[in-house]
Amino acid sequence: MQPTATVLVYSDDSHTREQVRLATGRRPAPDVPVVEFVECATPAAVVRELDKGGIDVCVLDGEAVPVGGMGVCRQIKDEVFDCPPVLLLIGRPQDAWLATWSRAEAAVTLPVEPVEFAQALASLLRTKRLQSA
């Protein structure tokens, strides 16, 4: 059986969550595991899923309403023990400094550009795999 990676996707917008799934496909790169998704539309659902464990990477929508992914990222980095790496979806390239403030490991702009997104996600999955080894 092939190993899988679990990616949590937070956005209040189902279209944004769909963009993430489509940009990832079955796997974002040949050298990383097949991806399974856990989708969340609220910050409370994100915390619940992280408390359950088993999440390898979080993808958070910085433009989500009423709580943006940057605030959620900062919160989970403070509150979740051994928090998984975070890929933040930001509205403008100029918001990259806010992604750094939120302690996200990576950021890409919306709308999701499939190649850029897949590369960023694959990089975080590789890092997670190395940390787990």
# chains A, B, ... in the order shown; residues from 1 in each chain; ligands from 1
call {"tool": "select_by_dssp", "arguments": {"residues": "segment 80-118 of chain A", "states": "strand (DSSP E or B)", "output": "mmCIF file with C-alpha atoms, in the first residue's frame"}}
result
data_model
loop_
_atom_site.group_PDB
_atom_site.id
_atom_site.type_symbol
_atom_site.label_atom_id
_atom_site.label_comp_id
_atom_site.auth_asym_id
_atom_site.auth_seq_id
_atom_site.Cartn_x
_atom_site.Cartn_y
_atom_site.Cartn_z
ATOM 1 C CA VAL A 86 1.476 26.041 6.757
ATOM 2 C CA LEU A 87 1.085 27.190 3.156
ATOM 3 C CA LEU A 88 -0.779 30.499 3.144
ATOM 4 C CA LEU A 89 -2.870 31.714 0.215
ATOM 5 C CA ILE A 90 -2.478 35.504 0.014
ATOM 6 C CA ALA A 106 5.311 29.334 2.593
ATOM 7 C CA ALA A 107 2.897 31.602 0.741
ATOM 8 C CA VAL A 108 1.439 31.771 -2.764
ATOM 9 C CA THR A 109 -0.969 34.280 -4.278
#
call {"tool": "residues_around", "arguments": {"residues": "Glu36 of chain A", "least_positions_apart": "4", "cutoff": "8 Å", "atoms": "only C-alpha atoms", "output": "PyMOL selection string"}}
result
chain A and resi 4-7
call {"tool": "write_last_selection", "arguments": {"atoms": "N, CA, C and O atoms", "output": "CSV table (one decimal), in the first residue's frame"}}
result
chain,number,residue,atom,x,y,z
A,4,THR,N,0.3,7.9,2.2
A,4,THR,CA,-0.5,9.1,1.9
A,4,THR,C,-0.1,10.3,2.8
A,4,THR,O,0.4,10.0,3.9
A,5,ALA,N,-0.3,11.5,2.3
A,5,ALA,CA,-0.1,12.7,3.1
A,5,ALA,C,-1.5,13.3,3.3
A,5,ALA,O,-2.3,13.4,2.3
A,6,THR,N,-1.8,13.8,4.5
A,6,THR,CA,-3.1,14.5,4.7
A,6,THR,C,-2.9,16.0,4.7
A,6,THR,O,-2.0,16.5,5.5
A,7,VAL,N,-3.6,16.7,3.9
A,7,VAL,CA,-3.5,18.2,3.7
A,7,VAL,C,-4.8,18.8,4.2
A,7,VAL,O,-5.9,18.5,3.6
call {"tool": "select_by_dssp", "arguments": {"residues": "chain A", "states": "helix (DSSP H, G or I)", "output": "PyMOL selection string"}}
result
chain A and resi 14-24+43-52+69-79+93-101+114-132
call {"tool": "closest_atom_pairs", "arguments": {"of": "segment 23-93 of chain A", "to": "segment 116-132 of chain A", "cutoff": "9 Å", "atoms": "only C-alpha atoms", "output": "CSV"}}
result
residue,atom,partner,partner_atom,distance
A:Ala23,CA,A:Ala118,CA,6.3
A:Thr24,CA,A:Ala118,CA,5.6
A:Gly25,CA,A:Ala118,CA,8.7
A:Arg27,CA,A:Ala122,CA,8.2
A:Pro28,CA,A:Ala118,CA,4.7
A:Ala29,CA,A:Ala122,CA,6.0
A:Asp31,CA,A:Arg126,CA,8.2
A:Val32,CA,A:Ala122,CA,6.6
A:Pro33,CA,A:Leu125,CA,8.2
A:Asp56,CA,A:Lys128,CA,6.8
A:Val57,CA,A:Leu125,CA,6.8
A:Val59,CA,A:Leu121,CA,8.5
A:Pro84,CA,A:Lys128,CA,7.7
A:Pro85,CA,A:Leu124,CA,6.6
A:Val86,CA,A:Leu124,CA,8.0
A:Leu87,CA,A:Leu121,CA,7.0
call {"tool": "write_last_selection", "arguments": {"atoms": "all heavy atoms", "output": "CSV table (one decimal), in the first residue's frame"}}
result
chain,number,residue,atom,x,y,z
A,23,ALA,N,-5.2,22.0,-8.2
A,23,ALA,CA,-3.8,22.3,-8.4
A,23,ALA,C,-2.9,21.2,-7.9
A,23,ALA,O,-1.8,21.0,-8.4
A,23,ALA,CB,-3.4,23.6,-7.7
A,24,THR,N,-3.4,20.5,-6.8
A,24,THR,CA,-2.6,19.4,-6.2
A,24,THR,C,-2.7,18.1,-7.1
A,24,THR,O,-1.7,17.4,-7.3
A,24,THR,CB,-3.1,19.1,-4.8
A,24,THR,OG1,-3.0,20.3,-4.1
A,24,THR,CG2,-2.2,18.1,-4.1
A,25,GLY,N,-3.9,17.8,-7.5
A,25,GLY,CA,-4.1,16.6,-8.2
A,25,GLY,C,-3.9,15.4,-7.2
A,25,GLY,O,-4.2,15.6,-6.0
A,27,ARG,N,-1.1,14.0,-6.5
A,27,ARG,CA,0.1,14.3,-5.7
A,27,ARG,C,0.8,15.5,-6.4
A,27,ARG,O,0.8,15.6,-7.6
A,27,ARG,CB,1.1,13.1,-5.7
A,27,ARG,CG,1.6,12.6,-7.0
A,27,ARG,CD,2.7,11.6,-6.9
A,27,ARG,NE,2.3,10.5,-5.9
A,27,ARG,CZ,2.9,9.4,-5.9
A,27,ARG,NH1,3.9,9.1,-6.7
A,27,ARG,NH2,2.6,8.5,-5.0
A,28,PRO,N,1.4,16.4,-5.6
A,28,PRO,CA,1.9,17.6,-6.2
A,28,PRO,C,3.3,17.4,-6.9
A,28,PRO,O,3.7,18.3,-7.7
A,28,PRO,CB,2.1,18.6,-5.0
A,28,PRO,CG,2.2,17.7,-3.9
A,28,PRO,CD,1.4,16.5,-4.2
A,29,ALA,N,4.0,16.3,-6.6
A,29,ALA,CA,5.3,16.0,-7.3
A,29,ALA,C,5.5,14.5,-7.2
A,29,ALA,O,4.9,13.8,-6.3
A,29,ALA,CB,6.4,16.7,-6.6
A,31,ASP,N,7.9,12.7,-6.2
A,31,ASP,CA,8.7,12.2,-5.0
A,31,ASP,C,8.0,12.4,-3.7
A,31,ASP,O,8.6,12.2,-2.6
A,31,ASP,CB,10.0,12.8,-5.0
A,31,ASP,CG,10.0,14.3,-4.8
A,31,ASP,OD1,9.0,15.0,-5.3
A,31,ASP,OD2,10.9,14.9,-4.1
A,32,VAL,N,6.7,12.8,-3.7
A,32,VAL,CA,5.9,13.0,-2.4
A,32,VAL,C,4.7,12.0,-2.5
A,32,VAL,O,4.3,11.6,-3.6
A,32,VAL,CB,5.5,14.4,-2.2
A,32,VAL,CG1,6.7,15.3,-2.1
A,32,VAL,CG2,4.6,14.9,-3.3
A,33,PRO,N,4.2,11.7,-1.3
A,33,PRO,CA,3.0,10.8,-1.3
A,33,PRO,C,1.8,11.3,-1.9
A,33,PRO,O,1.6,12.5,-2.2
A,33,PRO,CB,2.8,10.6,0.2
A,33,PRO,CG,3.9,11.1,0.9
A,33,PRO,CD,4.6,12.1,0.0
A,56,ASP,N,-0.5,16.6,7.8
A,56,ASP,CA,0.9,16.8,7.4
A,56,ASP,C,1.2,18.2,7.0
A,56,ASP,O,2.3,18.7,7.3
A,56,ASP,CB,1.2,15.8,6.2
A,56,ASP,CG,1.2,14.4,6.7
A,56,ASP,OD1,1.9,14.0,7.6
A,56,ASP,OD2,0.3,13.6,6.1
A,57,VAL,N,0.3,18.9,6.4
A,57,VAL,CA,0.4,20.3,5.9
A,57,VAL,C,-0.9,21.0,6.0
A,57,VAL,O,-2.0,20.3,5.7
A,57,VAL,CB,1.0,20.4,4.5
A,57,VAL,CG1,1.0,21.8,4.0
A,57,VAL,CG2,2.4,19.8,4.4
A,59,VAL,N,-3.1,24.2,4.4
A,59,VAL,CA,-3.2,25.3,3.4
A,59,VAL,C,-4.4,26.2,3.9
A,59,VAL,O,-5.5,25.8,4.1
A,59,VAL,CB,-3.6,24.7,2.0
A,59,VAL,CG1,-3.8,25.8,1.0
A,59,VAL,CG2,-2.5,23.7,1.6
A,84,PRO,N,1.7,21.4,12.2
A,84,PRO,CA,2.3,21.1,10.8
A,84,PRO,C,2.6,22.4,10.1
A,84,PRO,O,2.2,23.5,10.4
A,84,PRO,CB,1.1,20.4,10.1
A,84,PRO,CG,-0.1,20.6,10.9
A,84,PRO,CD,0.3,21.1,12.3
A,85,PRO,N,3.5,22.3,9.1
A,85,PRO,CA,3.8,23.4,8.3
A,85,PRO,C,2.6,24.0,7.6
A,85,PRO,O,1.6,23.3,7.3
A,85,PRO,CB,4.8,22.9,7.2
A,85,PRO,CG,4.8,21.4,7.3
A,85,PRO,CD,4.1,21.1,8.6
A,86,VAL,N,2.6,25.3,7.3
A,86,VAL,CA,1.5,26.0,6.8
A,86,VAL,C,1.9,26.7,5.4
A,86,VAL,O,2.9,27.4,5.3
A,86,VAL,CB,1.0,27.1,7.7
A,86,VAL,CG1,-0.1,28.0,7.1
A,86,VAL,CG2,0.4,26.5,9.0
A,87,LEU,N,1.0,26.5,4.4
A,87,LEU,CA,1.1,27.2,3.2
A,87,LEU,C,-0.1,28.2,3.1
A,87,LEU,O,-1.2,27.8,3.2
A,87,LEU,CB,1.0,26.2,2.0
A,87,LEU,CG,0.9,26.8,0.6
A,87,LEU,CD1,2.0,27.7,0.3
A,87,LEU,CD2,0.8,25.6,-0.4
call {"tool": "closest_residue", "arguments": {"among": "A:Val65, A:Ala104, A:Cys58, A:Ala96", "to": "Phe37 of chain A", "atoms": "only C-alpha atoms"}}
result
A:Cys58
call {"tool": "closest_residue", "arguments": {"among": "A:Cys83, A:Leu22, A:Leu98, A:Cys73", "to": "Asp61 of chain A", "atoms": "only C-alpha atoms"}}
result
A:Cys73
call {"tool": "residues_around", "arguments": {"residues": "Ala44 of chain A", "least_positions_apart": "6", "cutoff": "12 Å", "atoms": "only C-alpha atoms", "output": "mmCIF file with N, CA and C atoms, in the first residue's frame"}}
result
data_model
loop_
_atom_site.group_PDB
_atom_site.id
_atom_site.type_symbol
_atom_site.label_atom_id
_atom_site.label_comp_id
_atom_site.auth_asym_id
_atom_site.auth_seq_id
_atom_site.Cartn_x
_atom_site.Cartn_y
_atom_site.Cartn_z
ATOM 1 N N TYR A 10 -8.218 25.150 4.555
ATOM 2 C CA TYR A 10 -9.178 26.049 5.205
ATOM 3 C C TYR A 10 -9.499 27.213 4.286
ATOM 4 N N SER A 11 -10.793 27.353 3.974
ATOM 5 C CA SER A 11 -11.320 28.520 3.281
ATOM 6 C C SER A 11 -12.827 28.517 3.448
ATOM 7 N N ASP A 12 -13.406 29.688 3.608
ATOM 8 C CA ASP A 12 -14.864 29.771 3.653
ATOM 9 C C ASP A 12 -15.456 29.651 2.252
ATOM 10 N N LEU A 50 -6.922 19.613 13.733
ATOM 11 C CA LEU A 50 -5.536 19.566 14.198
ATOM 12 C C LEU A 50 -5.425 18.848 15.537
ATOM 13 N N ASP A 51 -6.415 19.022 16.389
ATOM 14 C CA ASP A 51 -6.424 18.318 17.679
ATOM 15 C C ASP A 51 -6.513 16.804 17.495
ATOM 16 N N PRO A 66 -15.068 34.958 8.336
ATOM 17 C CA PRO A 66 -14.715 36.206 9.013
ATOM 18 C C PRO A 66 -13.305 36.209 9.592
ATOM 19 N N VAL A 67 -12.633 35.061 9.650
ATOM 20 C CA VAL A 67 -11.270 35.006 10.189
ATOM 21 C C VAL A 67 -10.338 34.557 9.072
ATOM 22 N N VAL A 72 -5.549 32.669 11.685
ATOM 23 C CA VAL A 72 -5.658 31.255 12.053
ATOM 24 C C VAL A 72 -4.262 30.642 12.157
ATOM 25 N N GLN A 75 -2.574 31.717 15.327
ATOM 26 C CA GLN A 75 -3.214 31.041 16.454
ATOM 27 C C GLN A 75 -2.746 29.596 16.578
ATOM 28 N N ILE A 76 -2.765 28.851 15.473
ATOM 29 C CA ILE A 76 -2.390 27.436 15.582
ATOM 30 C C ILE A 76 -0.903 27.268 15.871
#
call {"tool": "closest_residue", "arguments": {"among": "A:Lys52, A:Ala41, A:Trp101, A:Val47", "to": "Glu79 of chain A", "atoms": "only C-alpha atoms"}}
result
A:Val47
call {"tool": "closest_residue", "arguments": {"among": "A:Glu49, A:Glu105, A:Asp95, A:Glu39", "to": "His15 of chain A", "atoms": "only C-alpha atoms"}}
result
A:Glu39
call {"tool": "decode", "arguments": {"residues": "segment 40-62 of chain A", "atoms": "C-alpha atoms", "output": "PDB file, in the first residue's frame"}}
result
ATOM      1  CA  CYS A  40     -12.588  23.103   6.723  1.00  0.00           C
ATOM      2  CA  ALA A  41     -14.790  26.175   6.288  1.00  0.00           C
ATOM      3  CA  THR A  42     -14.412  27.592   9.825  1.00  0.00           C
ATOM      4  CA  PRO A  43     -11.501  28.276  12.183  1.00  0.00           C
ATOM      5  CA  ALA A  44     -13.123  26.055  14.834  1.00  0.00           C
ATOM      6  CA  ALA A  45     -13.117  23.145  12.383  1.00  0.00           C
ATOM      7  CA  VAL A  46      -9.393  23.724  11.713  1.00  0.00           C
ATOM      8  CA  VAL A  47      -8.571  23.497  15.420  1.00  0.00           C
ATOM      9  CA  ARG A  48     -10.750  20.373  15.829  1.00  0.00           C
ATOM     10  CA  GLU A  49      -8.990  18.603  12.944  1.00  0.00           C
ATOM     11  CA  LEU A  50      -5.536  19.566  14.198  1.00  0.00           C
ATOM     12  CA  ASP A  51      -6.424  18.318  17.679  1.00  0.00           C
ATOM     13  CA  LYS A  52      -7.265  14.921  16.136  1.00  0.00           C
ATOM     14  CA  GLY A  53      -3.739  14.740  14.676  1.00  0.00           C
ATOM     15  CA  GLY A  54      -2.552  13.222  11.407  1.00  0.00           C
ATOM     16  CA  ILE A  55      -2.354  16.457   9.401  1.00  0.00           C
ATOM     17  CA  ASP A  56       0.881  16.779   7.415  1.00  0.00           C
ATOM     18  CA  VAL A  57       0.422  20.285   5.938  1.00  0.00           C
ATOM     19  CA  CYS A  58      -2.168  23.060   6.337  1.00  0.00           C
ATOM     20  CA  VAL A  59      -3.247  25.269   3.434  1.00  0.00           C
ATOM     21  CA  LEU A  60      -4.957  28.381   4.823  1.00  0.00           C
ATOM     22  CA  ASP A  61      -6.828  31.043   2.837  1.00  0.00           C
ATOM     23  CA  GLY A  62      -5.563  34.444   3.933  1.00  0.00           C
TER      24      GLY A  62
END
